[in-house]
Amino acid sequence: MSVASLRRAAHESVSGLPREFWWLWTSTLINRLGAFVATFMTLYLTHERGYSASYAGLVVSLHGLGGVISSLGAGVLTDRLGRRPTMMIAQTATAFSVALLGFVTDPAAIVATAFLVGMASNASRPAVQAMMADIVRPEDRMRAFSLNYWAINLGFAVSSAGAGFIAQHSYLAGFLGEAALTLVCAVLVFLKLPESRPEAAATVREKDLEPEIGLGTVFRDGRFMGVVGLSFLISLIFQQGYVGLPVAMGADGFSSADFGLAIAVNGVLIVALQIPVTRAIEHRDPRRLLIVSALLAGYGFGLTAFAGSVAAYALTICVWTLAEIVNSPTQTGLVVRLSPVHGRGRYQGVYTMSWSVAALVAPLLSGFVVDRFGADWLWGACAVLGTVAAAGYALLMRGLADGEDVVAGVSVPERAEPRTGSVV
């Protein structure tokens with residue numbers, strides 16, 4: 001491919017998206033560049049503070065539990081207060097709680113602070129996703145979600161390397177660095193992002209289609225909760241890359257460096273392929289994309305049972321990474337299509353909760369399966385889960401035509417929406 005072709009492809013990948021999206025994208029990238037706690041929490045507690053592995057596991061679990069709880073609350077705040085104030089509150093709270101975590105030494109205080117960090121750091125996600133859906137045109141949403149996912153992984157890849165270097169010299173500097181970058185995100189939101197929450201439905205037809213929305217409305221929405229359930233299954237599978245895979249490789253005699261080399265393939269492929277793959281699938285049938293991605297995820301991990309070298313493990317990672325690249329923007333776009341415009345925060349909060357719950361369950365589930373039956377059974381279970389998820393997508397998306405929203409089981413054409421609102 002010529003340089004001119006590459007430039008044209010890059011231009012087409014980023015063109016047509018509103019300025020507000022790029023400020024939101026920049027905020028996401030800065031936030032992920034500062035990711036330190038999630039990466040080095042266990043090492044900090046065991047190596048720096050000298051606590052046991054079981055205590056570290058408790059702290060990490062409570063950090064995840066905080067994220068589960070805040071998903072629902074943040075979704076409600078996103079709809080009631082607005083996207084912008086919810087992000088500012090969440091990011092400011094994250095900055096101060098992360099900084100505090102670097103100073104507390106009492107075991108009970110560490111547990112409580114880690115729980116608060118988990119709540120605060122996860123609270124901005126429903127607001128970010130809802131704002132992105134508000135300001136980006138329906139036909140550009142998959143591309144926008146893909147670019148945002150690319151920023152998340154690019155930031156995480158850079159931060160992981162940088163945080164490792166920082167941790168060798170000062171864990172406290174890592175905590176304070178994450179706090180500072182998170183505050184930068186809050187300031188960026190305050191200065192550059194207008195509120196995008198749509199006004200109350202103006203027409204009788206819209207009011208009929210979008211009645212008062214509460215969390216009960218979300219949980220009674222059968223098709224949407226089906227997608228949430230499938231998201232939970234898919235997340236359980238992907239979590240094994242960071243939970244089951246290192247355990248299995250260790251049992252096979254591979255070192256932590258071997259695991260690091262193999263799993264690095266995941267980040268490299270996402271950064272390299274996320275944008276071109278999204279360009280290739282942007283206008284494809286989302287039903288088929290989700291079915292294929294579920295099968296690739298399940299059987300990609302299933303193939304791990306036959307891996308016997310670092311190269312073989314890396315090849316299996318290539319398979320499920322491709323599934324991740326396809327699934328993430330497609331599924332996020334589906335969630336938006338199934339969400340009422342004035343209930344996007346609550347819907348995004350419940351959707352985010354599915355990933356948070358999976359992050360809690362995956363370590364317990366994989367540990368039980370590996371200890372009781374062996375790693376091969378874990379990889380076989382992943383293949384079964386992928387097959388079940390693929391069948392679920394096929395059933396749930398029957399009759400969902402392209403370009404339609406589905407609100408509480410009623411298919412309606414995508415309505416024109418305000419791209420931005422007034423500054424709060």
# chains A, B, ... in the order shown; residues from 1 in each chain; ligands from 1
>>> residues_around(residues="Ala130 of chain A", least_positions_apart="3", cutoff="9 Å", atoms="only C-alpha atoms", output="list in words")
Thr78, Asp79, Arg83, Arg125, Pro126, Ala127, Ala133, Asp134, Ile135, Ser196, Arg197, Val336, Val341, Arg344, Gly345, Tyr347 and Gln348 of chain A
>>> write_last_selection(atoms="all heavy atoms", output="CSV table (one decimal), in the first residue's frame")
chain,number,residue,atom,x,y,z
A,78,THR,N,-25.9,10.0,35.4
A,78,THR,CA,-25.7,10.4,34.1
A,78,THR,C,-27.0,10.9,33.4
A,78,THR,O,-27.0,11.9,32.7
A,78,THR,CB,-25.1,9.2,33.2
A,78,THR,OG1,-23.8,8.9,33.7
A,78,THR,CG2,-25.0,9.6,31.8
A,79,ASP,N,-28.1,10.3,33.7
A,79,ASP,CA,-29.4,10.7,33.2
A,79,ASP,C,-30.0,11.9,34.0
A,79,ASP,O,-30.6,12.7,33.4
A,79,ASP,CB,-30.4,9.5,33.2
A,79,ASP,CG,-30.1,8.5,32.2
A,79,ASP,OD1,-29.5,8.9,31.1
A,79,ASP,OD2,-30.5,7.3,32.3
A,83,ARG,N,-24.2,14.2,31.7
A,83,ARG,CA,-23.0,13.5,31.4
A,83,ARG,C,-21.7,14.2,31.9
A,83,ARG,O,-20.9,13.6,32.6
A,83,ARG,CB,-22.8,13.3,29.9
A,83,ARG,CG,-23.7,12.3,29.2
A,83,ARG,CD,-25.1,12.6,29.2
A,83,ARG,NE,-25.9,11.9,28.2
A,83,ARG,CZ,-27.0,11.3,28.4
A,83,ARG,NH1,-27.5,11.2,29.6
A,83,ARG,NH2,-27.6,10.7,27.4
A,125,ARG,N,-17.6,5.8,33.3
A,125,ARG,CA,-17.8,5.0,32.1
A,125,ARG,C,-19.2,5.2,31.5
A,125,ARG,O,-19.3,5.4,30.3
A,125,ARG,CB,-17.4,3.5,32.4
A,125,ARG,CG,-16.0,3.3,32.7
A,125,ARG,CD,-15.7,1.8,32.9
A,125,ARG,NE,-14.3,1.7,33.3
A,125,ARG,CZ,-13.7,0.5,33.6
A,125,ARG,NH1,-14.5,-0.6,33.6
A,125,ARG,NH2,-12.4,0.4,33.9
A,126,PRO,N,-20.3,5.0,32.3
A,126,PRO,CA,-21.6,5.2,31.7
A,126,PRO,C,-21.7,6.6,31.1
A,126,PRO,O,-22.4,6.8,30.0
A,126,PRO,CB,-22.5,5.0,32.8
A,126,PRO,CG,-21.8,4.1,33.8
A,126,PRO,CD,-20.4,4.6,33.7
A,127,ALA,N,-21.2,7.6,31.7
A,127,ALA,CA,-21.3,9.0,31.2
A,127,ALA,C,-20.5,9.2,29.9
A,127,ALA,O,-21.0,9.8,29.0
A,127,ALA,CB,-20.8,10.0,32.3
A,133,ALA,N,-22.5,8.6,22.5
A,133,ALA,CA,-23.7,8.3,21.7
A,133,ALA,C,-24.5,9.5,21.3
A,133,ALA,O,-25.1,9.6,20.3
A,133,ALA,CB,-24.6,7.3,22.4
A,134,ASP,N,-24.5,10.5,22.3
A,134,ASP,CA,-25.2,11.7,22.1
A,134,ASP,C,-24.6,12.6,20.9
A,134,ASP,O,-25.4,13.2,20.1
A,134,ASP,CB,-25.2,12.6,23.3
A,134,ASP,CG,-26.0,12.0,24.5
A,134,ASP,OD1,-26.8,11.1,24.2
A,134,ASP,OD2,-25.7,12.3,25.6
A,135,ILE,N,-23.3,12.7,20.9
A,135,ILE,CA,-22.7,13.7,20.0
A,135,ILE,C,-22.2,13.1,18.6
A,135,ILE,O,-21.9,13.9,17.7
A,135,ILE,CB,-21.5,14.3,20.7
A,135,ILE,CG1,-20.4,13.3,21.0
A,135,ILE,CG2,-21.9,15.0,22.0
A,135,ILE,CD1,-19.1,13.8,21.7
A,196,SER,N,-24.3,17.2,26.9
A,196,SER,CA,-24.9,16.6,25.7
A,196,SER,C,-26.2,15.9,26.0
A,196,SER,O,-26.8,15.4,25.0
A,196,SER,CB,-23.9,15.6,25.0
A,196,SER,OG,-23.7,14.5,25.8
A,197,ARG,N,-26.7,15.9,27.2
A,197,ARG,CA,-27.9,15.2,27.6
A,197,ARG,C,-29.1,15.7,26.8
A,197,ARG,O,-29.3,17.0,26.8
A,197,ARG,CB,-28.2,15.3,29.1
A,197,ARG,CG,-29.4,14.5,29.5
A,197,ARG,CD,-29.6,14.6,31.0
A,197,ARG,NE,-29.6,16.0,31.4
A,197,ARG,CZ,-30.0,16.4,32.7
A,197,ARG,NH1,-30.4,15.5,33.6
A,197,ARG,NH2,-30.0,17.7,33.0
A,336,VAL,N,-26.2,0.9,22.5
A,336,VAL,CA,-26.8,2.3,22.2
A,336,VAL,C,-28.1,2.1,21.4
A,336,VAL,O,-29.1,2.8,21.7
A,336,VAL,CB,-25.8,3.1,21.4
A,336,VAL,CG1,-26.4,4.4,20.9
A,336,VAL,CG2,-24.6,3.4,22.3
A,341,VAL,N,-33.2,7.1,24.3
A,341,VAL,CA,-32.3,8.3,24.3
A,341,VAL,C,-32.2,8.9,25.7
A,341,VAL,O,-31.1,9.3,26.1
A,341,VAL,CB,-32.8,9.4,23.3
A,341,VAL,CG1,-32.0,10.7,23.4
A,341,VAL,CG2,-32.7,8.8,21.9
A,344,ARG,N,-30.1,6.6,28.4
A,344,ARG,CA,-28.8,6.0,28.0
A,344,ARG,C,-27.9,5.8,29.2
A,344,ARG,O,-27.1,4.9,29.3
A,344,ARG,CB,-28.1,6.9,27.0
A,344,ARG,CG,-28.6,6.7,25.6
A,344,ARG,CD,-27.9,7.6,24.6
A,344,ARG,NE,-28.4,7.3,23.3
A,344,ARG,CZ,-28.4,8.2,22.3
A,344,ARG,NH1,-27.9,9.4,22.5
A,344,ARG,NH2,-28.8,7.8,21.1
A,345,GLY,N,-27.9,6.7,30.2
A,345,GLY,CA,-27.0,6.6,31.3
A,345,GLY,C,-27.3,5.3,32.1
A,345,GLY,O,-26.4,4.6,32.4
A,347,TYR,N,-28.9,2.6,31.1
A,347,TYR,CA,-28.7,1.5,30.3
A,347,TYR,C,-27.1,1.2,30.2
A,347,TYR,O,-26.7,0.1,30.3
A,347,TYR,CB,-29.2,1.7,28.9
A,347,TYR,CG,-30.7,1.2,28.7
A,347,TYR,CD1,-31.7,2.0,29.3
A,347,TYR,CD2,-31.0,0.1,28.0
A,347,TYR,CE1,-33.0,1.6,29.2
A,347,TYR,CE2,-32.4,-0.3,27.9
A,347,TYR,CZ,-33.4,0.4,28.5
A,347,TYR,OH,-34.7,0.0,28.4
A,348,GLN,N,-26.4,2.3,30.0
A,348,GLN,CA,-24.9,2.1,29.9
A,348,GLN,C,-24.4,1.6,31.3
A,348,GLN,O,-23.4,0.9,31.4
A,348,GLN,CB,-24.2,3.4,29.5
A,348,GLN,CG,-24.4,3.8,28.1
A,348,GLN,CD,-23.7,2.9,27.1
A,348,GLN,OE1,-22.8,2.1,27.5
A,348,GLN,NE2,-24.0,3.0,25.8
>>> residues_around(residues="Leu334 of chain A", least_positions_apart="5", cutoff="9 Å", atoms="only C-alpha atoms", output="PyMOL selection string")
chain A and resi 227+286+329+339+405
>>> write_last_selection(atoms="N, CA and C atoms", output="mmCIF file, in the first residue's frame")
data_model
loop_
_atom_site.group_PDB
_atom_site.id
_atom_site.type_symbol
_atom_site.label_atom_id
_atom_site.label_comp_id
_atom_site.auth_asym_id
_atom_site.auth_seq_id
_atom_site.Cartn_x
_atom_site.Cartn_y
_atom_site.Cartn_z
ATOM 1 N N VAL A 227 -28.690 -9.015 26.107
ATOM 2 C CA VAL A 227 -27.386 -8.536 25.647
ATOM 3 C C VAL A 227 -26.432 -8.377 26.827
ATOM 4 N N PRO A 286 -24.218 -6.368 11.996
ATOM 5 C CA PRO A 286 -23.733 -6.529 13.371
ATOM 6 C C PRO A 286 -24.075 -7.887 13.964
ATOM 7 N N PRO A 329 -16.493 -2.658 19.694
ATOM 8 C CA PRO A 329 -17.290 -1.559 19.123
ATOM 9 C C PRO A 329 -18.663 -2.009 18.648
ATOM 10 N N SER A 339 -30.970 1.312 23.642
ATOM 11 C CA SER A 339 -31.182 2.203 24.777
ATOM 12 C C SER A 339 -32.057 3.390 24.394
ATOM 13 N N ASP A 405 -33.554 1.635 16.157
ATOM 14 C CA ASP A 405 -33.415 1.509 17.601
ATOM 15 C C ASP A 405 -34.509 0.585 18.094
#
>>> select_by_dssp(residues="segment 89-217 of chain A", states="helix (DSSP H, G or I)", output="ChimeraX atom specification")
/A:89-101,107-135,138-169,171-192,204-209,215-217
>>> closest_residue(among="A:Ile234, A:Leu193, A:Met88, A:Ile281", to="Val384 of chain A", atoms="only C-alpha atoms")
A:Ile234
>>> closest_atom_pairs(of="segment 329-379 of chain A", to="segment 291-306 of chain A", cutoff="12 Å", atoms="only C-alpha atoms", output="JSON lines")
{"residue": "A:Pro329", "atom": "CA", "partner": "A:Ser293", "partner_atom": "CA", "distance": 11.3}
{"residue": "A:Thr330", "atom": "CA", "partner": "A:Ser293", "partner_atom": "CA", "distance": 9.6}
{"residue": "A:Gln331", "atom": "CA", "partner": "A:Ser293", "partner_atom": "CA", "distance": 10.1}
{"residue": "A:Gly374", "atom": "CA", "partner": "A:Ala305", "partner_atom": "CA", "distance": 10.2}
{"residue": "A:Ala375", "atom": "CA", "partner": "A:Ala305", "partner_atom": "CA", "distance": 7.4}
{"residue": "A:Asp376", "atom": "CA", "partner": "A:Ala305", "partner_atom": "CA", "distance": 5.1}
{"residue": "A:Trp377", "atom": "CA", "partner": "A:Ala305", "partner_atom": "CA", "distance": 8.4}
{"residue": "A:Leu378", "atom": "CA", "partner": "A:Gly302", "partner_atom": "CA", "distance": 8.2}
{"residue": "A:Trp379", "atom": "CA", "partner": "A:Gly302", "partner_atom": "CA", "distance": 4.4}
>>> atom_distance(atom1="atom CA of Arg346 of chain A", atom2="atom CA of Leu230 of chain A")
18.0 Å
>>> closest_residue(among="A:Val350, A:Ala53, A:Ala186, A:Ala180", to="Gly67 of chain A", atoms="only C-alpha atoms")
A:Val350
>>> closest_residue(among="A:Ile270, A:Val218, A:Ala108, A:Leu33", to="Leu62 of chain A", atoms="only C-alpha atoms")
A:Ala108
>>> closest_residue(among="A:Val111, A:Met142, A:Leu396, A:Leu236", to="Ser356 of chain A", atoms="only C-alpha atoms")
A:Leu236
>>> residues_around(residues="Val98 of chain A", least_positions_apart="3", cutoff="7 Å", atoms="only C-alpha atoms", output="VMD selection string")
chain A and resid 94 to 95 101 to 102 117 175 179
>>> write_last_selection(atoms="N, CA, C and O atoms", output="PDB file, in the first residue's frame")
ATOM      1  N   THR A  94     -11.884  10.181  41.854  1.00  0.00           N
ATOM      2  CA  THR A  94     -10.827   9.206  41.562  1.00  0.00           C
ATOM      3  C   THR A  94      -9.457   9.771  41.897  1.00  0.00           C
ATOM      4  O   THR A  94      -8.622   9.107  42.522  1.00  0.00           O
ATOM      5  N   ALA A  95      -9.213  11.004  41.482  1.00  0.00           N
ATOM      6  CA  ALA A  95      -7.906  11.622  41.717  1.00  0.00           C
ATOM      7  C   ALA A  95      -7.583  11.686  43.211  1.00  0.00           C
ATOM      8  O   ALA A  95      -6.483  11.296  43.640  1.00  0.00           O
ATOM      9  N   LEU A 101      -4.790   6.643  48.591  1.00  0.00           N
ATOM     10  CA  LEU A 101      -4.375   5.241  48.651  1.00  0.00           C
ATOM     11  C   LEU A 101      -2.849   5.119  48.722  1.00  0.00           C
ATOM     12  O   LEU A 101      -2.324   4.166  49.310  1.00  0.00           O
ATOM     13  N   GLY A 102      -2.150   6.050  48.129  1.00  0.00           N
ATOM     14  CA  GLY A 102      -0.692   6.007  48.170  1.00  0.00           C
ATOM     15  C   GLY A 102      -0.110   6.325  49.538  1.00  0.00           C
ATOM     16  O   GLY A 102       1.066   6.022  49.792  1.00  0.00           O
ATOM     17  N   VAL A 117     -11.751   3.849  45.499  1.00  0.00           N
ATOM     18  CA  VAL A 117     -11.093   4.024  44.198  1.00  0.00           C
ATOM     19  C   VAL A 117     -11.839   3.242  43.125  1.00  0.00           C
ATOM     20  O   VAL A 117     -12.056   3.743  42.012  1.00  0.00           O
ATOM     21  N   PHE A 175       1.084   6.519  42.255  1.00  0.00           N
ATOM     22  CA  PHE A 175      -0.245   6.919  42.725  1.00  0.00           C
ATOM     23  C   PHE A 175      -0.492   8.409  42.457  1.00  0.00           C
ATOM     24  O   PHE A 175      -1.554   8.802  41.973  1.00  0.00           O
ATOM     25  N   ALA A 179      -3.204  10.273  39.945  1.00  0.00           N
ATOM     26  CA  ALA A 179      -4.113  11.294  40.475  1.00  0.00           C
ATOM     27  C   ALA A 179      -4.008  12.583  39.670  1.00  0.00           C
ATOM     28  O   ALA A 179      -5.023  13.208  39.334  1.00  0.00           O
TER      29      ALA A 179
END
>>> closest_residue(among="A:Thr86, A:Ser328, A:Thr26, A:Ser231", to="Glu195 of chain A", atoms="only C-alpha atoms")
A:Thr86
